[in-house]
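Participant: Pasting input_37.pdb here (PDB, C-alpha atoms and all ligand atoms):
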ATOM      1  CA  MET Y   1       0.000   0.000   0.000  1.00  0.00           C
ATOM      2  CA  MET Y   2       2.717   2.447   0.953  1.00  0.00           C
ATOM      3  CA  GLU Y   3       4.635   1.390  -2.085  1.00  0.00           C
ATOM      4  CA  PHE Y   4       1.770   2.437  -4.313  1.00  0.00           C
ATOM      5  CA  GLU Y   5       1.601   5.806  -2.588  1.00  0.00           C
ATOM      6  CA  ILE Y   6       5.293   6.376  -3.116  1.00  0.00           C
ATOM      7  CA  MET Y   7       5.210   5.318  -6.745  1.00  0.00           C
ATOM      8  CA  HIS Y   8       2.219   7.511  -7.421  1.00  0.00           C
ATOM      9  CA  HIS Y   9       4.079  10.459  -5.984  1.00  0.00           C
ATOM     10  CA  MET Y  10       7.210   9.760  -7.973  1.00  0.00           C
ATOM     11  CA  LYS Y  11       5.370   9.502 -11.254  1.00  0.00           C
ATOM     12  CA  ARG Y  12       3.979  12.944 -10.664  1.00  0.00           C
ATOM     13  CA  LYS Y  13       7.126  14.556  -9.413  1.00  0.00           C
ATOM     14  CA  HIS Y  14       9.588  14.866 -12.266  1.00  0.00           C
ATOM     15  CA  SER Y  15      11.309  18.085 -11.364  1.00  0.00           C
ATOM     16  CA  GLY Y  16      11.870  20.545  -8.600  1.00  0.00           C
ATOM     17  CA  GLY Y  17      14.222  20.652  -5.680  1.00  0.00           C
ATOM     18  CA  GLU Y  18      13.374  19.490  -2.246  1.00  0.00           C
ATOM     19  CA  GLY Y  19      10.344  17.274  -2.051  1.00  0.00           C
ATOM     20  CA  GLU Y  20       8.458  15.515   0.642  1.00  0.00           C
ATOM     21  CA  ILE Y  21       6.421  12.371   0.704  1.00  0.00           C
ATOM     22  CA  ALA Y  22       3.627  11.929   3.181  1.00  0.00           C
ATOM     23  CA  LEU Y  23       2.677   8.314   3.640  1.00  0.00           C
ATOM     24  CA  LYS Y  24      -1.047   7.997   3.865  1.00  0.00           C
ATOM     25  CA  VAL Y  25      -2.308   4.760   5.332  1.00  0.00           C
ATOM     26  CA  ASP Y  26      -5.990   4.015   5.194  1.00  0.00           C
ATOM     27  CA  ILE Y  27      -6.374   2.850   8.757  1.00  0.00           C
ATOM     28  CA  SER Y  28     -10.115   2.356   8.599  1.00  0.00           C
ATOM     29  CA  LYS Y  29      -9.583  -0.482   6.162  1.00  0.00           C
ATOM     30  CA  ALA Y  30      -6.201  -1.750   7.232  1.00  0.00           C
ATOM     31  CA  TYR Y  31      -5.844  -1.123  10.941  1.00  0.00           C
ATOM     32  CA  ASP Y  32      -5.661  -4.801  11.760  1.00  0.00           C
ATOM     33  CA  ARG Y  33      -3.255  -5.598   8.964  1.00  0.00           C
ATOM     34  CA  VAL Y  34      -0.627  -2.945   9.573  1.00  0.00           C
ATOM     35  CA  ASP Y  35       2.554  -4.081  11.220  1.00  0.00           C
ATOM     36  CA  TRP Y  36       3.102  -1.058  13.430  1.00  0.00           C
ATOM     37  CA  ASN Y  37       6.696  -1.900  14.171  1.00  0.00           C
ATOM     38  CA  TYR Y  38       7.424  -2.156  10.482  1.00  0.00           C
ATOM     39  CA  LEU Y  39       5.713   1.162   9.819  1.00  0.00           C
ATOM     40  CA  LYS Y  40       7.576   2.860  12.622  1.00  0.00           C
ATOM     41  CA  HIS Y  41      10.817   1.384  11.394  1.00  0.00           C
ATOM     42  CA  ARG Y  42      10.143   2.623   7.906  1.00  0.00           C
ATOM     43  CA  MET Y  43       9.239   6.099   9.063  1.00  0.00           C
ATOM     44  CA  SER Y  44      12.258   6.454  11.278  1.00  0.00           C
ATOM     45  CA  SER Y  45      14.536   5.252   8.504  1.00  0.00           C
ATOM     46  CA  MET Y  46      12.995   8.013   6.379  1.00  0.00           C
ATOM     47  CA  GLY Y  47      13.754  10.473   9.134  1.00  0.00           C
ATOM     48  CA  MET Y  48      17.440   9.899   8.540  1.00  0.00           C
ATOM     49  CA  LYS Y  49      19.399  11.994   6.109  1.00  0.00           C
ATOM     50  CA  GLN Y  50      19.910   9.185   3.659  1.00  0.00           C
ATOM     51  CA  TRP Y  51      17.931   6.225   2.477  1.00  0.00           C
ATOM     52  CA  ASP Y  52      18.589   2.893   4.078  1.00  0.00           C
ATOM     53  CA  VAL Y  53      19.347   1.352   0.696  1.00  0.00           C
ATOM     54  CA  GLY Y  54      19.595  -2.224   1.923  1.00  0.00           C
ATOM     55  CA  ARG Y  55      16.261  -2.071   3.601  1.00  0.00           C
ATOM     56  CA  ILE Y  56      14.560  -0.390   0.641  1.00  0.00           C
ATOM     57  CA  LYS Y  57      15.903  -3.100  -1.667  1.00  0.00           C
ATOM     58  CA  ALA Y  58      14.725  -5.772   0.706  1.00  0.00           C
ATOM     59  CA  HIS Y  59      11.176  -4.479   0.790  1.00  0.00           C
ATOM     60  CA  PHE Y  60      10.488  -3.134  -2.702  1.00  0.00           C
ATOM     61  CA  LEU Y  61      10.701  -4.451  -6.237  1.00  0.00           C
ATOM     62  CA  GLU Y  62      13.976  -3.600  -7.940  1.00  0.00           C
ATOM     63  CA  ASN Y  63      12.705  -0.835 -10.237  1.00  0.00           C
ATOM     64  CA  ASN Y  64      10.687   0.722  -7.446  1.00  0.00           C
ATOM     65  CA  ALA Y  65      13.616   0.557  -5.065  1.00  0.00           C
ATOM     66  CA  LYS Y  66      15.810   2.372  -7.597  1.00  0.00           C
ATOM     67  CA  ALA Y  67      13.202   5.064  -8.044  1.00  0.00           C
ATOM     68  CA  ILE Y  68      12.779   5.544  -4.318  1.00  0.00           C
ATOM     69  CA  ILE Y  69      16.494   5.873  -3.694  1.00  0.00           C
ATOM     70  CA  THR Y  70      16.785   8.653  -6.278  1.00  0.00           C
ATOM     71  CA  VAL Y  71      14.425  10.869  -4.269  1.00  0.00           C
ATOM     72  CA  PRO Y  72      16.527  13.320  -2.273  1.00  0.00           C
ATOM     73  CA  LEU Y  73      15.824  13.334   1.444  1.00  0.00           C
ATOM     74  CA  PRO Y  74      15.472  16.580   3.386  1.00  0.00           C
ATOM     75  CA  GLN Y  75      18.670  17.572   5.131  1.00  0.00           C
ATOM     76  CA  ARG Y  76      16.908  19.134   8.073  1.00  0.00           C
ATOM     77  CA  GLU Y  77      15.461  17.250  11.009  1.00  0.00           C
ATOM     78  CA  VAL Y  78      12.195  15.531  10.208  1.00  0.00           C
ATOM     79  CA  LYS Y  79       9.824  15.005  13.046  1.00  0.00           C
ATOM     80  CA  ASN Y  80       8.816  11.398  13.563  1.00  0.00           C
ATOM     81  CA  MET Y  81       5.297  11.292  12.221  1.00  0.00           C
ATOM     82  CA  VAL Y  82       4.004   8.062  13.703  1.00  0.00           C
ATOM     83  CA  VAL Y  83       2.094  10.216  16.151  1.00  0.00           C
ATOM     84  CA  TRP Y  84      -0.752   7.778  16.642  1.00  0.00           C
ATOM     85  CA  VAL Y  85       1.416   5.027  18.074  1.00  0.00           C
ATOM     86  CA  GLU Y  86       3.359   6.444  20.927  1.00  0.00           C
ATOM     87  CA  SER Y  87       3.687  10.177  20.699  1.00  0.00           C
ATOM     88  CA  THR Y  88       4.077  11.744  24.071  1.00  0.00           C
ATOM     89  CA  ASP Y  89       3.056  15.202  22.819  1.00  0.00           C
ATOM     90  CA  GLY Y  90      -0.406  16.365  23.532  1.00  0.00           C
ATOM     91  CA  GLU Y  91      -2.679  15.712  26.463  1.00  0.00           C
ATOM     92  CA  GLY Y  92      -5.562  14.986  24.090  1.00  0.00           C
ATOM     93  CA  TRP Y  93      -3.827  12.034  22.585  1.00  0.00           C
ATOM     94  CA  LYS Y  94      -2.806  10.685  25.994  1.00  0.00           C
ATOM     95  CA  LYS Y  95      -6.392  10.894  27.077  1.00  0.00           C
ATOM     96  CA  ILE Y  96      -7.569   9.069  23.964  1.00  0.00           C
ATOM     97  CA  TRP Y  97      -5.013   6.380  24.584  1.00  0.00           C
ATOM     98  CA  ARG Y  98      -6.165   5.782  28.152  1.00  0.00           C
ATOM     99  CA  LEU Y  99      -9.826   5.308  27.229  1.00  0.00           C
ATOM    100  CA  ALA Y 100     -11.189   1.785  27.642  1.00  0.00           C
ATOM    101  CA  LEU Y 101     -11.903   1.465  23.947  1.00  0.00           C
ATOM    102  CA  PRO Y 102     -10.827  -0.841  21.121  1.00  0.00           C
ATOM    103  CA  HIS Y 103      -7.825   0.394  19.195  1.00  0.00           C
ATOM    104  CA  ILE Y 104      -9.897   1.106  16.106  1.00  0.00           C
ATOM    105  CA  PHE Y 105     -12.138   3.458  18.109  1.00  0.00           C
ATOM    106  CA  LYS Y 106      -9.119   5.348  19.380  1.00  0.00           C
ATOM    107  CA  ILE Y 107      -7.789   5.723  15.866  1.00  0.00           C
ATOM    108  CA  PHE Y 108     -11.184   6.943  14.745  1.00  0.00           C
ATOM    109  CA  LEU Y 109     -11.303   9.434  17.607  1.00  0.00           C
ATOM    110  CA  TRP Y 110      -7.855  10.679  16.769  1.00  0.00           C
ATOM    111  CA  ARG Y 111      -8.757  11.060  13.121  1.00  0.00           C
ATOM    112  CA  PHE Y 112     -11.850  12.973  14.097  1.00  0.00           C
ATOM    113  CA  CYS Y 113      -9.816  15.350  16.267  1.00  0.00           C
ATOM    114  CA  THR Y 114      -7.307  15.905  13.493  1.00  0.00           C
ATOM    115  CA  ASN Y 115     -10.061  16.311  10.901  1.00  0.00           C
ATOM    116  CA  THR Y 116      -8.799  13.404   8.819  1.00  0.00           C
ATOM    117  CA  ILE Y 117     -12.005  11.399   8.552  1.00  0.00           C
ATOM    118  CA  PRO Y 118     -12.383  10.944   4.789  1.00  0.00           C
ATOM    119  CA  VAL Y 119     -15.736  12.627   4.295  1.00  0.00           C
ATOM    120  CA  ILE Y 120     -16.349  13.743   0.737  1.00  0.00           C
ATOM    121  CA  ASN Y 121     -15.968  17.401   1.597  1.00  0.00           C
ATOM    122  CA  ARG Y 122     -12.460  16.764   2.844  1.00  0.00           C
ATOM    123  CA  LEU Y 123     -11.506  14.615  -0.151  1.00  0.00           C
ATOM    124  CA  SER Y 124     -12.714  17.411  -2.449  1.00  0.00           C
ATOM    125  CA  SER Y 125     -10.483  19.887  -0.655  1.00  0.00           C
ATOM    126  CA  LYS Y 126      -7.569  17.479  -1.295  1.00  0.00           C
ATOM    127  CA  GLY Y 127      -8.245  17.503  -5.017  1.00  0.00           C
ATOM    128  CA  VAL Y 128     -10.226  14.280  -5.279  1.00  0.00           C
ATOM    129  CA  ASN Y 129     -12.768  14.945  -7.963  1.00  0.00           C
ATOM    130  CA  LEU Y 130     -16.108  14.269  -6.300  1.00  0.00           C
ATOM    131  CA  SER Y 131     -19.294  16.139  -5.784  1.00  0.00           C
ATOM    132  CA  ASP Y 132     -19.146  17.088  -2.127  1.00  0.00           C
ATOM    133  CA  THR Y 133     -22.877  16.740  -1.606  1.00  0.00           C
ATOM    134  CA  CYS Y 134     -23.825  14.445   1.250  1.00  0.00           C
ATOM    135  CA  PRO Y 135     -24.525  11.023  -0.310  1.00  0.00           C
ATOM    136  CA  MET Y 136     -27.137  10.293   2.356  1.00  0.00           C
ATOM    137  CA  CYS Y 137     -29.503  13.240   2.100  1.00  0.00           C
ATOM    138  CA  SER Y 138     -28.125  15.643  -0.565  1.00  0.00           C
ATOM    139  CA  MET Y 139     -29.067  18.520   1.753  1.00  0.00           C
ATOM    140  CA  ASP Y 140     -25.591  19.867   2.439  1.00  0.00           C
ATOM    141  CA  ALA Y 141     -21.929  19.286   1.723  1.00  0.00           C
ATOM    142  CA  GLU Y 142     -20.681  16.188   3.483  1.00  0.00           C
ATOM    143  CA  HIS Y 143     -18.573  17.732   6.227  1.00  0.00           C
ATOM    144  CA  LEU Y 144     -18.081  16.519   9.797  1.00  0.00           C
ATOM    145  CA  LEU Y 145     -20.666  18.776  11.400  1.00  0.00           C
ATOM    146  CA  HIS Y 146     -23.273  17.711   8.895  1.00  0.00           C
ATOM    147  CA  VAL Y 147     -22.591  13.978   9.013  1.00  0.00           C
ATOM    148  CA  PHE Y 148     -22.147  13.616  12.740  1.00  0.00           C
ATOM    149  CA  PHE Y 149     -24.460  16.258  14.165  1.00  0.00           C
ATOM    150  CA  ASN Y 150     -26.790  18.122  11.847  1.00  0.00           C
ATOM    151  CA  TYR Y 151     -28.047  15.395   9.601  1.00  0.00           C
ATOM    152  CA  GLN Y 152     -31.310  13.918  10.828  1.00  0.00           C
ATOM    153  CA  PHE Y 153     -29.914  10.430  11.140  1.00  0.00           C
ATOM    154  CA  ALA Y 154     -27.182  11.698  13.448  1.00  0.00           C
ATOM    155  CA  SER Y 155     -29.793  13.386  15.669  1.00  0.00           C
ATOM    156  CA  GLN Y 156     -31.646  10.075  15.952  1.00  0.00           C
ATOM    157  CA  CYS Y 157     -28.428   8.374  17.030  1.00  0.00           C
ATOM    158  CA  TRP Y 158     -27.646  10.974  19.701  1.00  0.00           C
ATOM    159  CA  GLY Y 159     -31.228  10.716  20.922  1.00  0.00           C
ATOM    160  CA  HIS Y 160     -31.115   6.934  21.011  1.00  0.00           C
ATOM    161  CA  MET Y 161     -27.991   7.043  23.165  1.00  0.00           C
ATOM    162  CA  GLY Y 162     -29.554   9.567  25.515  1.00  0.00           C
ATOM    163  CA  VAL Y 163     -27.054  12.357  24.958  1.00  0.00           C
ATOM    164  CA  SER Y 164     -27.520  15.707  23.319  1.00  0.00           C
ATOM    165  CA  TYR Y 165     -25.349  18.723  22.717  1.00  0.00           C
ATOM    166  CA  ASP Y 166     -26.168  22.197  21.587  1.00  0.00           C
ATOM    167  CA  MET Y 167     -24.139  22.516  18.413  1.00  0.00           C
ATOM    168  CA  GLN Y 168     -25.649  25.785  17.235  1.00  0.00           C
ATOM    169  CA  ASN Y 169     -22.561  27.876  17.814  1.00  0.00           C
ATOM    170  CA  VAL Y 170     -20.085  25.151  16.957  1.00  0.00           C
ATOM    171  CA  THR Y 171     -18.168  25.796  13.745  1.00  0.00           C
ATOM    172  CA  SER Y 172     -15.699  22.904  13.866  1.00  0.00           C
ATOM    173  CA  ALA Y 173     -16.616  19.360  14.880  1.00  0.00           C
ATOM    174  CA  SER Y 174     -12.940  18.539  15.441  1.00  0.00           C
ATOM    175  CA  GLU Y 175     -12.430  21.448  17.809  1.00  0.00           C
ATOM    176  CA  TRP Y 176     -15.642  20.540  19.588  1.00  0.00           C
ATOM    177  CA  LEU Y 177     -14.373  17.013  20.175  1.00  0.00           C
ATOM    178  CA  ILE Y 178     -10.924  18.176  21.288  1.00  0.00           C
ATOM    179  CA  ASN Y 179     -12.644  20.411  23.799  1.00  0.00           C
ATOM    180  CA  LYS Y 180     -14.751  17.486  25.013  1.00  0.00           C
ATOM    181  CA  LEU Y 181     -11.593  15.420  25.451  1.00  0.00           C
ATOM    182  CA  GLY Y 182     -10.274  18.063  27.780  1.00  0.00           C
ATOM    183  CA  THR Y 183     -13.434  18.506  29.827  1.00  0.00           C
ATOM    184  CA  CYS Y 184     -15.518  15.310  29.876  1.00  0.00           C
ATOM    185  CA  MET Y 185     -15.349  12.298  32.149  1.00  0.00           C
ATOM    186  CA  ASN Y 186     -14.355   9.057  30.440  1.00  0.00           C
ATOM    187  CA  ALA Y 187     -17.846   7.552  30.532  1.00  0.00           C
ATOM    188  CA  GLU Y 188     -19.264  10.481  28.592  1.00  0.00           C
ATOM    189  CA  LEU Y 189     -16.375  10.420  26.133  1.00  0.00           C
ATOM    190  CA  ILE Y 190     -16.920   6.751  25.446  1.00  0.00           C
ATOM    191  CA  LYS Y 191     -20.574   7.410  24.746  1.00  0.00           C
ATOM    192  CA  ILE Y 192     -19.672  10.243  22.365  1.00  0.00           C
ATOM    193  CA  VAL Y 193     -17.255   7.998  20.500  1.00  0.00           C
ATOM    194  CA  GLU Y 194     -19.829   5.210  20.291  1.00  0.00           C
ATOM    195  CA  VAL Y 195     -22.272   7.586  18.622  1.00  0.00           C
ATOM    196  CA  LEU Y 196     -19.698   9.024  16.219  1.00  0.00           C
ATOM    197  CA  TRP Y 197     -18.382   5.585  15.335  1.00  0.00           C
ATOM    198  CA  GLY Y 198     -21.871   4.172  14.764  1.00  0.00           C
ATOM    199  CA  VAL Y 199     -22.811   7.092  12.537  1.00  0.00           C
ATOM    200  CA  TRP Y 200     -19.663   6.558  10.492  1.00  0.00           C
ATOM    201  CA  PHE Y 201     -20.248   2.805  10.286  1.00  0.00           C
ATOM    202  CA  ARG Y 202     -23.743   3.409   8.977  1.00  0.00           C
ATOM    203  CA  ARG Y 203     -22.566   6.038   6.525  1.00  0.00           C
ATOM    204  CA  ASN Y 204     -19.956   3.644   5.102  1.00  0.00           C
ATOM    205  CA  ARG Y 205     -22.439   0.789   4.852  1.00  0.00           C
ATOM    206  CA  ARG Y 206     -24.598   3.089   2.785  1.00  0.00           C
ATOM    207  CA  VAL Y 207     -21.882   4.604   0.626  1.00  0.00           C
ATOM    208  CA  TRP Y 208     -19.774   1.500   0.010  1.00  0.00           C
ATOM    209  CA  ASP Y 209     -22.225  -1.398   0.344  1.00  0.00           C
ATOM    210  CA  ASP Y 210     -25.474   0.383  -0.562  1.00  0.00           C
ATOM    211  CA  LYS Y 211     -27.027  -1.024   2.626  1.00  0.00           C
ATOM    212  CA  ILE Y 212     -29.405   0.955   4.775  1.00  0.00           C
ATOM    213  CA  VAL Y 213     -28.876   0.471   8.485  1.00  0.00           C
ATOM    214  CA  SER Y 214     -31.275   1.911  11.056  1.00  0.00           C
ATOM    215  CA  HIS Y 215     -29.978   4.217  13.774  1.00  0.00           C
ATOM    216  CA  VAL Y 216     -30.893   1.561  16.367  1.00  0.00           C
ATOM    217  CA  ILE Y 217     -28.807  -1.096  14.643  1.00  0.00           C
ATOM    218  CA  ALA Y 218     -25.912   1.305  14.096  1.00  0.00           C
ATOM    219  CA  MET Y 219     -25.865   2.325  17.763  1.00  0.00           C
ATOM    220  CA  ASP Y 220     -26.337  -1.202  19.089  1.00  0.00           C
ATOM    221  CA  TRP Y 221     -23.532  -2.424  16.904  1.00  0.00           C
ATOM    222  CA  SER Y 222     -21.190   0.297  18.058  1.00  0.00           C
ATOM    223  CA  VAL Y 223     -21.955  -0.361  21.732  1.00  0.00           C
ATOM    224  CA  LYS Y 224     -21.561  -4.098  21.199  1.00  0.00           C
ATOM    225  CA  VAL Y 225     -18.089  -3.702  19.696  1.00  0.00           C
ATOM    226  CA  VAL Y 226     -17.009  -1.774  22.777  1.00  0.00           C
ATOM    227  CA  ILE Y 227     -18.633  -4.218  25.232  1.00  0.00           C
ATOM    228  CA  ASP Y 228     -17.158  -7.262  23.487  1.00  0.00           C
ATOM    229  CA  TRP Y 229     -13.745  -5.633  23.581  1.00  0.00           C
ATOM    230  CA  GLN Y 230     -14.076  -4.769  27.259  1.00  0.00           C
ATOM    231  CA  LYS Y 231     -15.119  -8.329  28.109  1.00  0.00           C
ATOM    232  CA  ALA Y 232     -12.082  -9.667  26.317  1.00  0.00           C
ATOM    233  CA  GLN Y 233      -9.695  -7.529  28.377  1.00  0.00           C
TER
HETATM  234 ZN    ZN Y 301     -26.700  14.568   4.608  1.00  0.00          ZN
END
Show this structure as structure tokens.

Facilitator:
Amino acid sequence: MMEFEIMHHMKRKHSGGEGEIALKVDISKAYDRVDWNYLKHRMSSMGMKQWDVGRIKAHFLENNAKAIITVPLPQREVKNMVVWVESTDGEGWKKIWRLALPHIFKIFLWRFCTNTIPVINRLSSKGVNLSDTCPMCSMDAEHLLHVFFNYQFASQCWGHMGVSYDMQNVTSASEWLINKLGTCMNAELIKIVEVLWGVWFRRNRRVWDDKIVSHVIAMDWSVKVVIDWQKAQ
């Protein structure tokens, strides 16, 4: 997967001086298949001022390895970017990490806080050529506030879980959640994440599988994933 990302970048970048490659890993699909130690290893080797040629050759096809090695590396310090594994910066992340939640929920929460949930609105802003209209109701652009709070289905989910928030003056769902991380007790946070996760699950079932899931099923499923995980601990 990372190899494809790198190759895609290289095909597009034929000239210019200093360049950077950001490795984008689709965690929602691959979270249980990523070898975190490998990823960390790879990222830290990229943080060095030269490629680890032996390692690149060991992991990539010959032509790809050659192409990778020709990319100049930045000569300044590069911050280790595997922030979701063991960064010690940021109280918010520490708090996420301590929550009694499955790993995939923590990743989701972190993505929400960093506004990296791949809603259509965000993909459009990254140059992906899509109509940014909400695929569920066509009433608004598909942005976080719409999907997770304003859209009628989201309201039903919040209601079903017995929590409600006044979002009228909220302009950024990510900032709202970061604020909640700093102020809420864990039990409330877990409930918030269960709602958000269930809404996203339902949205993806609709968009990718063309299946319609009721808000009750979406919420029950989300709660069940958390309970099953907690039982297994
Ligand atoms: Zn909508």

Participant: How many Å lie between atom CA of Y:Arg111 and atom CA of Y:Arg202, rounded to one decimal?

Facilitator: 17.3 Å

Participant: Rank nothing, just name the residue among Y:Asn150, Y:Asn115, Y:Gln50, Y:Asn64 nearest to ligand ZN 301 (chain Y), using all atoms listed in the file.

Facilitator: Y:Asn150

Participant: Give the residue list for ligand ZN 301 (chain Y) at 8 Å, counting all atoms listed in the file, as a VMD selection string, sorted by chain and then by residue number.

Facilitator: chain Y and resid 133 to 142 146 to 147 151 to 152

Participant: Just how far from atom CA of Y:Thr114 is atom CA of Y:Ser164, in Å to one decimal?

Facilitator: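 Separating atom CA of Y:Ser164 from atom CA of Y:Thr114 is a distance of 22.5 Å.
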
Participant: Around (-22.8, 6.0, 3.8) in the file's own coordinates, what residues are found within 12 Å if you use only C-alpha atoms, given back as JSON, numbers by chain?

Facilitator: {"Y": [118, 119, 120, 134, 135, 136, 137, 138, 142, 147, 148, 153, 198, 199, 200, 201, 202, 203, 204, 205, 206, 207, 208, 209, 210, 211, 212, 213, 214, 218]}

Participant: Interatomic distance between atom CA of Y:Pro102 and atom CA of Y:Val225?

Facilitator: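 Atom-to-atom, atom CA of Y:Pro102 to atom CA of Y:Val225, that is 7.9 Å.
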
Participant: Would you mind telling me which residue in Y:Asn121, Y:Thr183, Y:Ser222, Y:Ser172 lies nearest to Y:Cys157 when using all atoms listed in the file?

Facilitator: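 Checking each candidate against Y:Cys157, we get Y:Ser222 as the closest.
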
Participant: For stretch 138-149 of chain Y in the structure I just supplied, write out N, CA and C atoms - as a short mmCIF file (atom, residue, chain, number, x, y, z; two decimals), in the first residue's frame.

Facilitator:
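So selection.cif came out as:
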data_model
loop_
_atom_site.label_atom_id
_atom_site.label_comp_id
_atom_site.auth_asym_id
_atom_site.auth_seq_id
_atom_site.Cartn_x
_atom_site.Cartn_y
_atom_site.Cartn_z
N SER Y 138 -28.29 14.59 0.45
CA SER Y 138 -28.12 15.64 -0.57
C SER Y 138 -28.53 17.03 -0.09
N MET Y 139 -28.61 17.23 1.23
CA MET Y 139 -29.07 18.52 1.75
C MET Y 139 -27.92 19.50 2.01
N ASP Y 140 -26.71 19.01 2.06
CA ASP Y 140 -25.59 19.87 2.44
C ASP Y 140 -24.32 19.20 1.92
N ALA Y 141 -23.21 19.92 2.02
CA ALA Y 141 -21.93 19.29 1.72
C ALA Y 141 -21.67 18.26 2.82
N GLU Y 142 -20.96 17.21 2.48
CA GLU Y 142 -20.68 16.19 3.48
C GLU Y 142 -19.44 16.59 4.29
N HIS Y 143 -19.66 17.36 5.34
CA HIS Y 143 -18.57 17.73 6.23
C HIS Y 143 -18.89 17.17 7.61
N LEU Y 144 -17.93 17.20 8.50
CA LEU Y 144 -18.08 16.52 9.80
C LEU Y 144 -19.31 16.98 10.57
N LEU Y 145 -19.53 18.28 10.63
CA LEU Y 145 -20.67 18.78 11.40
C LEU Y 145 -21.98 18.24 10.83
N HIS Y 146 -22.05 18.21 9.52
CA HIS Y 146 -23.27 17.71 8.90
C HIS Y 146 -23.47 16.23 9.18
N VAL Y 147 -22.45 15.43 8.90
CA VAL Y 147 -22.59 13.98 9.01
C VAL Y 147 -22.84 13.54 10.45
N PHE Y 148 -22.12 14.14 11.38
CA PHE Y 148 -22.15 13.62 12.74
C PHE Y 148 -23.09 14.35 13.69
N PHE Y 149 -23.60 15.50 13.25
CA PHE Y 149 -24.46 16.26 14.16
C PHE Y 149 -25.74 16.78 13.51
#
